[in-house]
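Everything below belongs to start.csv, which stores CSV, C-alpha atoms.
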```
chain,number,residue,atom,x,y,z
A,1,MET,CA,10.9,2.9,28.1
A,2,LEU,CA,10.2,3.0,24.3
A,3,ALA,CA,10.7,6.3,22.6
A,4,THR,CA,7.8,8.1,21.0
A,5,PHE,CA,7.9,8.0,17.2
A,6,GLN,CA,8.7,11.4,15.6
A,7,HIS,CA,7.8,12.1,12.0
A,8,TYR,CA,10.9,12.7,9.9
A,9,GLY,CA,13.2,12.0,12.8
A,10,MET,CA,16.4,10.1,12.2
A,11,THR,CA,14.8,6.7,12.4
A,12,HIS,CA,11.9,7.7,10.1
A,13,ILE,CA,14.3,9.1,7.5
A,14,GLY,CA,16.6,6.1,7.9
A,15,VAL,CA,13.9,3.5,7.3
A,16,LEU,CA,12.7,5.4,4.3
A,17,ALA,CA,16.2,5.4,2.9
A,18,VAL,CA,16.5,1.7,3.4
A,19,LEU,CA,13.2,1.1,1.5
A,20,VAL,CA,14.5,3.3,-1.4
A,21,VAL,CA,17.7,1.3,-1.6
A,22,VAL,CA,15.9,-2.1,-1.4
A,23,THR,CA,13.4,-1.0,-4.1
A,24,THR,CA,16.1,0.3,-6.4
A,25,LEU,CA,18.1,-3.0,-6.0
A,26,MET,CA,15.1,-5.1,-6.7
A,27,ILE,CA,14.1,-3.1,-9.8
A,28,ARG,CA,17.6,-3.2,-11.2
A,29,ARG,CA,17.8,-7.0,-10.6
A,30,CYS,CA,14.5,-7.7,-12.3
A,31,ARG,CA,15.1,-5.3,-15.2
A,32,LYS,CA,18.4,-7.1,-15.9
A,33,ASP,CA,16.9,-10.6,-16.0
A,34,PRO,CA,13.5,-11.2,-14.4
A,35,GLU,CA,13.9,-15.0,-15.0
A,36,SER,CA,17.2,-15.3,-13.2
A,37,PRO,CA,17.3,-17.3,-10.0
A,38,ARG,CA,18.1,-14.3,-7.9
A,39,ALA,CA,15.3,-12.2,-9.4
A,40,LYS,CA,12.8,-15.1,-8.8
A,41,ALA,CA,14.0,-15.6,-5.3
A,42,ALA,CA,13.6,-11.8,-4.5
A,43,ILE,CA,10.1,-11.8,-6.0
A,44,ALA,CA,9.1,-14.9,-4.0
A,45,LEU,CA,10.5,-13.4,-0.8
A,46,LEU,CA,8.6,-10.2,-1.5
A,47,ALA,CA,5.4,-12.1,-2.1
A,48,PHE,CA,5.9,-14.1,1.1
A,49,LEU,CA,6.4,-10.9,3.1
A,50,CYS,CA,3.2,-9.5,1.7
A,51,PHE,CA,1.3,-12.5,3.0
A,52,ALA,CA,3.2,-12.7,6.3
A,53,ALA,CA,3.0,-9.0,7.3
A,54,TYR,CA,-0.4,-9.3,8.9
A,55,PRO,CA,0.3,-12.6,10.8
A,56,ILE,CA,3.6,-11.1,12.1
A,57,ASN,CA,1.8,-8.0,13.2
A,58,GLN,CA,-0.8,-10.1,15.2
A,59,ALA,CA,2.0,-12.1,16.8
A,60,ILE,CA,3.7,-8.9,18.0
A,61,LEU,CA,0.4,-7.6,19.4
A,62,SER,CA,-0.1,-10.9,21.2
A,63,ALA,CA,3.4,-10.7,22.7
A,64,TYR,CA,2.7,-7.2,24.0
A,65,GLY,CA,-0.4,-8.5,25.8
A,66,GLY,CA,-3.3,-6.3,26.9
A,67,SER,CA,-6.4,-5.3,24.9
A,68,PHE,CA,-6.4,-3.8,21.4
A,69,PRO,CA,-9.3,-2.3,19.4
A,70,LEU,CA,-11.0,-4.6,17.0
A,71,ASP,CA,-9.8,-2.8,14.0
A,72,SER,CA,-6.2,-3.7,15.0
A,73,LEU,CA,-7.1,-7.4,15.1
A,74,MET,CA,-9.0,-7.7,11.8
A,75,PRO,CA,-7.3,-7.4,8.4
A,76,PHE,CA,-9.7,-4.9,7.0
A,77,HIS,CA,-7.8,-1.7,6.7
A,78,LEU,CA,-7.0,-0.8,3.1
A,79,CYS,CA,-3.3,-1.5,3.6
A,80,ASP,CA,-4.1,-5.0,5.0
A,81,ILE,CA,-6.1,-5.8,1.9
A,82,ALA,CA,-3.5,-4.2,-0.3
A,83,ALA,CA,-0.7,-6.4,1.1
A,84,PHE,CA,-2.6,-9.6,0.3
A,85,ILE,CA,-3.5,-8.3,-3.2
A,86,CYS,CA,0.2,-7.4,-3.8
A,87,GLY,CA,1.2,-11.0,-2.8
A,88,PHE,CA,-1.2,-12.5,-5.3
A,89,ALA,CA,-0.3,-10.0,-8.0
A,90,LEU,CA,3.4,-11.0,-7.8
A,91,ILE,CA,2.5,-14.7,-8.0
A,92,THR,CA,-0.3,-14.6,-10.6
A,93,ARG,CA,0.3,-11.3,-12.5
A,94,ARG,CA,-3.5,-11.0,-12.9
A,95,PRO,CA,-4.2,-7.6,-14.5
A,96,ILE,CA,-6.7,-6.4,-11.9
A,97,LEU,CA,-4.5,-7.4,-9.0
A,98,CYS,CA,-1.5,-5.6,-10.5
A,99,GLU,CA,-3.7,-2.5,-11.2
A,100,LEU,CA,-4.9,-2.4,-7.6
A,101,SER,CA,-1.4,-3.0,-6.3
A,102,TYR,CA,-0.1,-0.1,-8.3
A,103,PHE,CA,-2.8,2.5,-7.7
A,104,TRP,CA,-3.6,1.6,-4.1
A,105,GLY,CA,0.0,1.2,-3.2
A,106,LEU,CA,1.3,4.5,-4.5
A,107,ALA,CA,-1.8,6.6,-3.9
A,108,GLY,CA,-2.7,5.1,-0.5
A,109,THR,CA,-0.1,3.2,1.3
A,110,MET,CA,2.7,5.6,0.4
A,111,GLN,CA,0.9,8.1,2.6
A,112,GLY,CA,1.3,5.7,5.5
A,113,LEU,CA,5.0,5.7,5.0
A,114,LEU,CA,5.2,9.4,4.8
A,115,THR,CA,3.0,10.1,7.8
A,116,PRO,CA,2.9,6.9,9.9
A,117,ASN,CA,0.2,6.4,12.5
A,118,LEU,CA,2.8,4.9,14.8
A,119,ALA,CA,3.3,5.3,18.6
A,120,HIS,CA,6.7,3.7,19.2
A,121,ASP,CA,10.0,4.4,17.6
A,122,PHE,CA,13.0,2.2,16.8
A,123,PRO,CA,13.8,-0.5,18.1
A,124,SER,CA,10.2,-1.4,19.0
A,125,PRO,CA,8.9,-4.5,17.1
A,126,VAL,CA,5.9,-2.4,16.2
A,127,PHE,CA,8.1,0.0,14.4
A,128,PHE,CA,9.6,-2.8,12.3
A,129,ILE,CA,6.4,-4.5,11.4
A,130,PHE,CA,4.7,-1.2,10.5
A,131,PHE,CA,7.4,-0.3,7.9
A,132,LEU,CA,7.6,-3.9,6.7
A,133,HIS,CA,3.9,-4.1,6.2
A,134,HIS,CA,3.6,-0.7,4.3
A,135,GLY,CA,7.0,-1.1,2.6
A,136,VAL,CA,6.4,-4.3,0.8
A,137,ILE,CA,3.2,-2.8,-0.7
A,138,VAL,CA,5.0,0.2,-2.1
A,139,ILE,CA,7.9,-1.9,-3.3
A,140,THR,CA,5.5,-4.1,-5.2
A,141,ALA,CA,3.7,-1.1,-6.6
A,142,LEU,CA,7.0,0.2,-8.1
A,143,LEU,CA,8.5,-3.2,-9.0
A,144,LEU,CA,5.6,-4.2,-11.2
A,145,PRO,CA,5.9,-1.4,-13.8
A,146,LEU,CA,9.6,-0.5,-13.4
A,147,GLY,CA,11.1,-3.9,-12.9
A,148,LEU,CA,8.7,-6.5,-14.3
A,149,GLY,CA,7.4,-4.5,-17.3
A,150,TRP,CA,3.7,-4.6,-16.3
A,151,ARG,CA,1.5,-2.0,-17.9
A,152,PRO,CA,-2.1,-1.1,-16.9
A,153,ARG,CA,-5.0,-1.7,-19.2
A,154,GLU,CA,-7.2,1.0,-20.5
A,155,GLY,CA,-9.5,2.3,-17.8
A,156,ALA,CA,-7.3,0.9,-15.0
A,157,ALA,CA,-7.5,4.1,-12.9
A,158,LEU,CA,-11.3,4.1,-13.1
A,159,ARG,CA,-11.5,0.5,-12.1
A,160,ALA,CA,-9.1,1.0,-9.1
A,161,PHE,CA,-11.2,4.0,-8.0
A,162,VAL,CA,-14.5,2.0,-8.2
A,163,TRP,CA,-12.9,-0.6,-6.0
A,164,VAL,CA,-11.9,2.0,-3.5
A,165,LEU,CA,-15.5,3.2,-3.4
A,166,ILE,CA,-16.7,-0.4,-2.9
A,167,TYR,CA,-14.2,-0.8,-0.1
A,168,ALA,CA,-15.2,2.5,1.5
A,169,GLY,CA,-18.9,1.5,1.4
A,170,VAL,CA,-18.3,-2.0,3.0
A,171,ALA,CA,-15.8,-0.5,5.5
A,172,PHE,CA,-18.3,2.2,6.6
A,173,ILE,CA,-21.0,-0.5,7.2
A,174,ALA,CA,-18.5,-2.6,9.2
A,175,ASN,CA,-17.5,0.5,11.2
A,176,TYR,CA,-21.1,1.3,12.0
A,177,LEU,CA,-21.9,-2.2,13.1
A,178,LEU,CA,-18.7,-3.0,14.9
A,179,GLU,CA,-17.8,0.5,16.2
A,180,THR,CA,-14.4,0.3,14.4
A,181,ASN,CA,-12.5,2.7,12.3
A,182,PHE,CA,-11.4,0.8,9.2
A,183,GLY,CA,-10.0,3.1,6.6
A,184,PHE,CA,-10.1,5.9,9.1
A,185,LEU,CA,-13.6,6.6,7.8
A,186,MET,CA,-15.1,7.4,11.2
A,187,HIS,CA,-12.4,9.6,12.7
A,188,LYS,CA,-8.8,10.6,12.0
A,189,PRO,CA,-5.7,8.7,13.2
A,190,ASP,CA,-4.7,9.5,16.8
A,191,ARG,CA,-1.3,10.8,15.5
A,192,GLY,CA,-0.7,13.4,12.9
A,193,SER,CA,-1.4,12.6,9.2
A,194,LEU,CA,-2.3,14.3,6.0
A,195,LEU,CA,-5.9,14.0,7.0
A,196,ASP,CA,-5.4,16.8,9.5
A,197,ILE,CA,-5.4,19.4,6.8
A,198,MET,CA,-8.6,18.1,5.2
A,199,GLY,CA,-11.1,19.5,7.7
A,200,PRO,CA,-13.4,17.7,10.1
A,201,TRP,CA,-15.5,14.6,9.5
A,202,PRO,CA,-17.2,13.9,7.1
A,203,TRP,CA,-15.5,16.5,4.9
A,204,TYR,CA,-12.0,14.9,5.2
A,205,VAL,CA,-13.5,11.6,4.0
A,206,LEU,CA,-15.0,13.3,0.9
A,207,CYS,CA,-11.7,15.1,0.3
A,208,LEU,CA,-9.8,11.8,0.7
A,209,ILE,CA,-11.9,10.1,-1.9
A,210,SER,CA,-11.5,13.0,-4.3
A,211,LEU,CA,-7.8,13.0,-3.9
A,212,ALA,CA,-7.7,9.3,-4.5
A,213,GLY,CA,-9.4,9.8,-7.8
A,214,LEU,CA,-7.0,12.6,-8.7
A,215,PHE,CA,-3.9,10.5,-7.7
A,216,PHE,CA,-5.1,7.5,-9.7
A,217,TYR,CA,-5.5,9.7,-12.7
A,218,LEU,CA,-2.0,11.2,-12.3
A,219,LEU,CA,-0.5,7.7,-11.8
A,220,SER,CA,-2.1,6.6,-15.1
A,221,LEU,CA,-0.5,9.5,-17.1
A,222,PRO,CA,3.0,7.8,-17.5
A,223,PHE,CA,1.2,5.0,-19.4
A,224,LYS,CA,-1.1,7.1,-21.6
A,225,ARG,CA,1.2,7.0,-24.6
A,226,SER,CA,1.8,3.3,-24.5
A,227,LEU,CA,-2.0,2.7,-24.2
A,228,GLN,CA,-2.7,5.0,-27.1
A,229,SER,CA,-0.1,3.2,-29.2
A,230,ALA,CA,-1.6,-0.2,-28.4
A,231,VAL,CA,-5.1,1.0,-29.3
A,232,SER,CA,-4.0,2.6,-32.6
A,233,LYS,CA,-1.7,-0.2,-33.6
A,234,PRO,CA,-3.2,-2.0,-36.6
A,235,LYS,CA,-4.1,-5.7,-36.0
A,236,GLU,CA,-2.2,-8.3,-38.0
A,237,ASN,CA,-4.3,-10.5,-40.3
```
Let me see whether you can do it: turn the structure in this file into structure tokens.
Amino acid sequence: MLATFQHYGMTHIGVLAVLVVVTTLMIRRCRKDPESPRAKAAIALLAFLCFAAYPINQAILSAYGGSFPLDSLMPFHLCDIAAFICGFALITRRPILCELSYFWGLAGTMQGLLTPNLAHDFPSPVFFIFFLHHGVIVITALLLPLGLGWRPREGAALRAFVWVLIYAGVAFIANYLLETNFGFLMHKPDRGSLLDIMGPWPWYVLCLISLAGLFFYLLSLPFKRSLQSAVSKPKEN
């Protein structure tokens, strides 16, 4: 019988430690020489895992058999979309994709790592795919600025917030029509999360959106000086 997952139990702390080590090694490798074969191979593998996380998750659910809610079978949770965005951001380095990867990954998906909505503990395959899925997003969000030298454009936090609002609006309509819970906009996760301290529905949704805006602003602060320098730098004739 599989053990029930415990927040901040040995396995939770252990997998977080592994993600910290992997992130640190990737950042160091890319900072040293992002064009080296090893760095390019690591980035390619990370991009592949961003794309593969959802199909692997579906394969694991199929192997378990039984029935699952529709929102477990469709890639429309914010982290599902963020994983695909991260994969394309690593490949293309498109500014908007990098911005969404950074802000969504650290303000949103990080919460999933800290308070996972997870039933089964190690060594369940569900345990591995959950932390793989969320881990590659956070690794990408940190690798882009710290390892690959990416910097957000002016107004990046506001753009990321607007896209969150668009996602929330579309997800709410989908939830209403399909009786799903994408983005946890209709009710809180079955297991404990940070949403538990934000009050009942719909107040926790409003609180969550407000916190997203605050976190996006805070995440933009480390880049304020470089953005101001770029704006004030005189143009060359």
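Within 12 Å of A:Leu165, once all atoms listed in the file are used and residues closer than 6 positions along the same chain are dropped, the contacting residues are Leu78, Leu158, Arg159, Ala171, Phe172, Gly183, Leu185, Val205, Leu206, Leu208, Ile209, Ser210, Ala212 and Gly213 of chain A.
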Okay, now the selection with C-alpha atoms, as a short mmCIF file (atom, residue, chain, number, x, y, z; two decimals), keeping the file's coordinate frame?
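Heads up, here's the output in result_20.cif:
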```
data_model
loop_
_atom_site.label_atom_id
_atom_site.label_comp_id
_atom_site.auth_asym_id
_atom_site.auth_seq_id
_atom_site.Cartn_x
_atom_site.Cartn_y
_atom_site.Cartn_z
CA LEU A 78 -7.00 -0.80 3.10
CA LEU A 158 -11.30 4.10 -13.10
CA ARG A 159 -11.50 0.50 -12.10
CA ALA A 171 -15.80 -0.50 5.50
CA PHE A 172 -18.30 2.20 6.60
CA GLY A 183 -10.00 3.10 6.60
CA LEU A 185 -13.60 6.60 7.80
CA VAL A 205 -13.50 11.60 4.00
CA LEU A 206 -15.00 13.30 0.90
CA LEU A 208 -9.80 11.80 0.70
CA ILE A 209 -11.90 10.10 -1.90
CA SER A 210 -11.50 13.00 -4.30
CA ALA A 212 -7.70 9.30 -4.50
CA GLY A 213 -9.40 9.80 -7.80
#
```
Which stretch 126-153 of chain A residues have any atom within 9 Å of an atom of stretch 52-72 of chain A, and for each, what is the nearest pair of atoms with distance in Å to one decimal, counting all atoms listed in the file, rows sorted by chain and number, as CSV?
```
residue,atom,partner,partner_atom,distance
A:Val126,CA,A:Ile60,CA,7.1
A:Ile129,CA,A:Asn57,CA,6.1
A:Phe130,CA,A:Asn57,CA,7.9
A:Leu132,CA,A:Ala53,CA,6.9
A:His133,CA,A:Ala53,CA,5.1
A:His134,CA,A:Ala53,CA,8.8
A:Val136,CA,A:Ala53,CA,8.7
```
> Can you tell me how far atom CA of A:Leu219 sits from atom CA of A:Phe103, in Å to one decimal?
Replying inline: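 Rounded to one decimal, the two atoms are 7.0 Å apart.
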> Which residues come within 6 Å of stretch 143-150 of chain A, counting all atoms listed in the file, excluding same-chain residues fewer than 3 positions away, as a list of chain:residue names?
Replying inline: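 Near stretch 143-150 of chain A, the qualifying residues are A:Ile27, A:Cys30, A:Arg31, A:Ile139, A:Thr140.
When all atoms listed in the file are used to measure the gap to A:Val170, the shortest distance among A:Phe215, A:Tyr8, A:Phe88, A:Phe182 belongs to A:Phe182.
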If I only have part of stretch 168-201 of chain A, can you fill in N, CA and C atoms and write it as an mmCIF file, in the frame of the given file?
```cif
data_model
loop_
_atom_site.group_PDB
_atom_site.id
_atom_site.type_symbol
_atom_site.label_atom_id
_atom_site.label_comp_id
_atom_site.auth_asym_id
_atom_site.auth_seq_id
_atom_site.Cartn_x
_atom_site.Cartn_y
_atom_site.Cartn_z
ATOM 1 N N ALA A 168 -14.771 1.475 0.589
ATOM 2 C CA ALA A 168 -15.200 2.500 1.500
ATOM 3 C C ALA A 168 -16.658 2.204 1.987
ATOM 4 N N GLY A 169 -17.509 1.772 1.062
ATOM 5 C CA GLY A 169 -18.900 1.500 1.400
ATOM 6 C C GLY A 169 -18.978 0.300 2.398
ATOM 7 N N VAL A 170 -18.249 -0.782 2.105
ATOM 8 C CA VAL A 170 -18.300 -2.000 3.000
ATOM 9 C C VAL A 170 -17.630 -1.619 4.331
ATOM 10 N N ALA A 171 -16.514 -0.868 4.307
ATOM 11 C CA ALA A 171 -15.800 -0.500 5.500
ATOM 12 C C ALA A 171 -16.703 0.382 6.422
ATOM 13 N N PHE A 172 -17.452 1.285 5.798
ATOM 14 C CA PHE A 172 -18.300 2.200 6.600
ATOM 15 C C PHE A 172 -19.412 1.356 7.286
ATOM 16 N N ILE A 173 -19.976 0.382 6.587
ATOM 17 C CA ILE A 173 -21.000 -0.500 7.200
ATOM 18 C C ILE A 173 -20.396 -1.267 8.362
ATOM 19 N N ALA A 174 -19.191 -1.821 8.124
ATOM 20 C CA ALA A 174 -18.500 -2.600 9.200
ATOM 21 C C ALA A 174 -18.209 -1.682 10.378
ATOM 22 N N ASN A 175 -17.764 -0.467 10.117
ATOM 23 C CA ASN A 175 -17.500 0.500 11.200
ATOM 24 C C ASN A 175 -18.731 0.789 12.010
ATOM 25 N N TYR A 176 -19.837 0.969 11.322
ATOM 26 C CA TYR A 176 -21.100 1.300 12.000
ATOM 27 C C TYR A 176 -21.570 0.153 12.882
ATOM 28 N N LEU A 177 -21.433 -1.070 12.368
ATOM 29 C CA LEU A 177 -21.900 -2.200 13.100
ATOM 30 C C LEU A 177 -20.979 -2.642 14.229
ATOM 31 N N LEU A 178 -19.673 -2.508 14.001
ATOM 32 C CA LEU A 178 -18.700 -3.000 14.900
ATOM 33 C C LEU A 178 -18.023 -1.940 15.788
ATOM 34 N N GLU A 179 -18.371 -0.675 15.518
ATOM 35 C CA GLU A 179 -17.800 0.500 16.200
ATOM 36 C C GLU A 179 -16.250 0.463 16.028
ATOM 37 N N THR A 180 -15.830 0.254 14.793
ATOM 38 C CA THR A 180 -14.400 0.300 14.400
ATOM 39 C C THR A 180 -14.104 1.511 13.617
ATOM 40 N N ASN A 181 -12.879 1.565 13.104
ATOM 41 C CA ASN A 181 -12.500 2.700 12.300
ATOM 42 C C ASN A 181 -11.637 2.280 11.109
ATOM 43 N N PHE A 182 -12.104 1.246 10.423
ATOM 44 C CA PHE A 182 -11.400 0.800 9.200
ATOM 45 C C PHE A 182 -11.347 1.883 8.179
ATOM 46 N N GLY A 183 -10.174 2.026 7.593
ATOM 47 C CA GLY A 183 -10.000 3.100 6.600
ATOM 48 C C GLY A 183 -9.992 4.465 7.134
ATOM 49 N N PHE A 184 -10.019 4.602 8.470
ATOM 50 C CA PHE A 184 -10.100 5.900 9.100
ATOM 51 C C PHE A 184 -11.298 6.709 8.615
ATOM 52 N N LEU A 185 -12.395 5.985 8.368
ATOM 53 C CA LEU A 185 -13.600 6.600 7.800
ATOM 54 C C LEU A 185 -14.469 7.255 8.901
ATOM 55 N N MET A 186 -14.255 6.895 10.164
ATOM 56 C CA MET A 186 -15.100 7.400 11.200
ATOM 57 C C MET A 186 -14.408 8.561 11.995
ATOM 58 N N HIS A 187 -13.113 8.492 12.111
ATOM 59 C CA HIS A 187 -12.400 9.600 12.700
ATOM 60 C C HIS A 187 -10.904 9.491 12.259
ATOM 61 N N LYS A 188 -10.170 10.563 12.424
ATOM 62 C CA LYS A 188 -8.800 10.600 12.000
ATOM 63 C C LYS A 188 -7.878 9.781 12.864
ATOM 64 N N PRO A 189 -6.688 9.407 12.361
ATOM 65 C CA PRO A 189 -5.700 8.700 13.200
ATOM 66 C C PRO A 189 -5.394 9.510 14.457
ATOM 67 N N ASP A 190 -5.020 8.811 15.513
ATOM 68 C CA ASP A 190 -4.700 9.500 16.800
ATOM 69 C C ASP A 190 -3.478 10.385 16.627
ATOM 70 N N ARG A 191 -2.556 9.997 15.737
ATOM 71 C CA ARG A 191 -1.300 10.800 15.500
ATOM 72 C C ARG A 191 -1.433 11.522 14.202
ATOM 73 N N GLY A 192 -0.579 12.506 14.025
ATOM 74 C CA GLY A 192 -0.700 13.400 12.900
ATOM 75 C C GLY A 192 -0.611 12.648 11.544
ATOM 76 N N SER A 193 -1.400 13.118 10.587
ATOM 77 C CA SER A 193 -1.400 12.600 9.200
ATOM 78 C C SER A 193 -1.845 13.640 8.275
ATOM 79 N N LEU A 194 -1.813 13.325 6.992
ATOM 80 C CA LEU A 194 -2.300 14.300 6.000
ATOM 81 C C LEU A 194 -3.749 14.595 6.129
ATOM 82 N N LEU A 195 -4.487 13.725 6.816
ATOM 83 C CA LEU A 195 -5.900 14.000 7.000
ATOM 84 C C LEU A 195 -6.175 15.208 7.865
ATOM 85 N N ASP A 196 -5.182 15.615 8.642
ATOM 86 C CA ASP A 196 -5.400 16.800 9.500
ATOM 87 C C ASP A 196 -5.614 18.058 8.781
ATOM 88 N N ILE A 197 -5.183 18.130 7.526
ATOM 89 C CA ILE A 197 -5.400 19.400 6.800
ATOM 90 C C ILE A 197 -6.613 19.325 5.888
ATOM 91 N N MET A 198 -7.415 18.261 6.033
ATOM 92 C CA MET A 198 -8.600 18.100 5.200
ATOM 93 C C MET A 198 -9.904 18.420 5.832
ATOM 94 N N GLY A 199 -9.835 19.044 6.995
ATOM 95 C CA GLY A 199 -11.100 19.500 7.700
ATOM 96 C C GLY A 199 -11.652 18.373 8.540
ATOM 97 N N PRO A 200 -12.774 18.656 9.192
ATOM 98 C CA PRO A 200 -13.400 17.700 10.100
ATOM 99 C C PRO A 200 -14.182 16.622 9.334
ATOM 100 N N TRP A 201 -14.640 15.595 10.081
ATOM 101 C CA TRP A 201 -15.500 14.600 9.500
ATOM 102 C C TRP A 201 -16.872 15.222 9.214
#
```
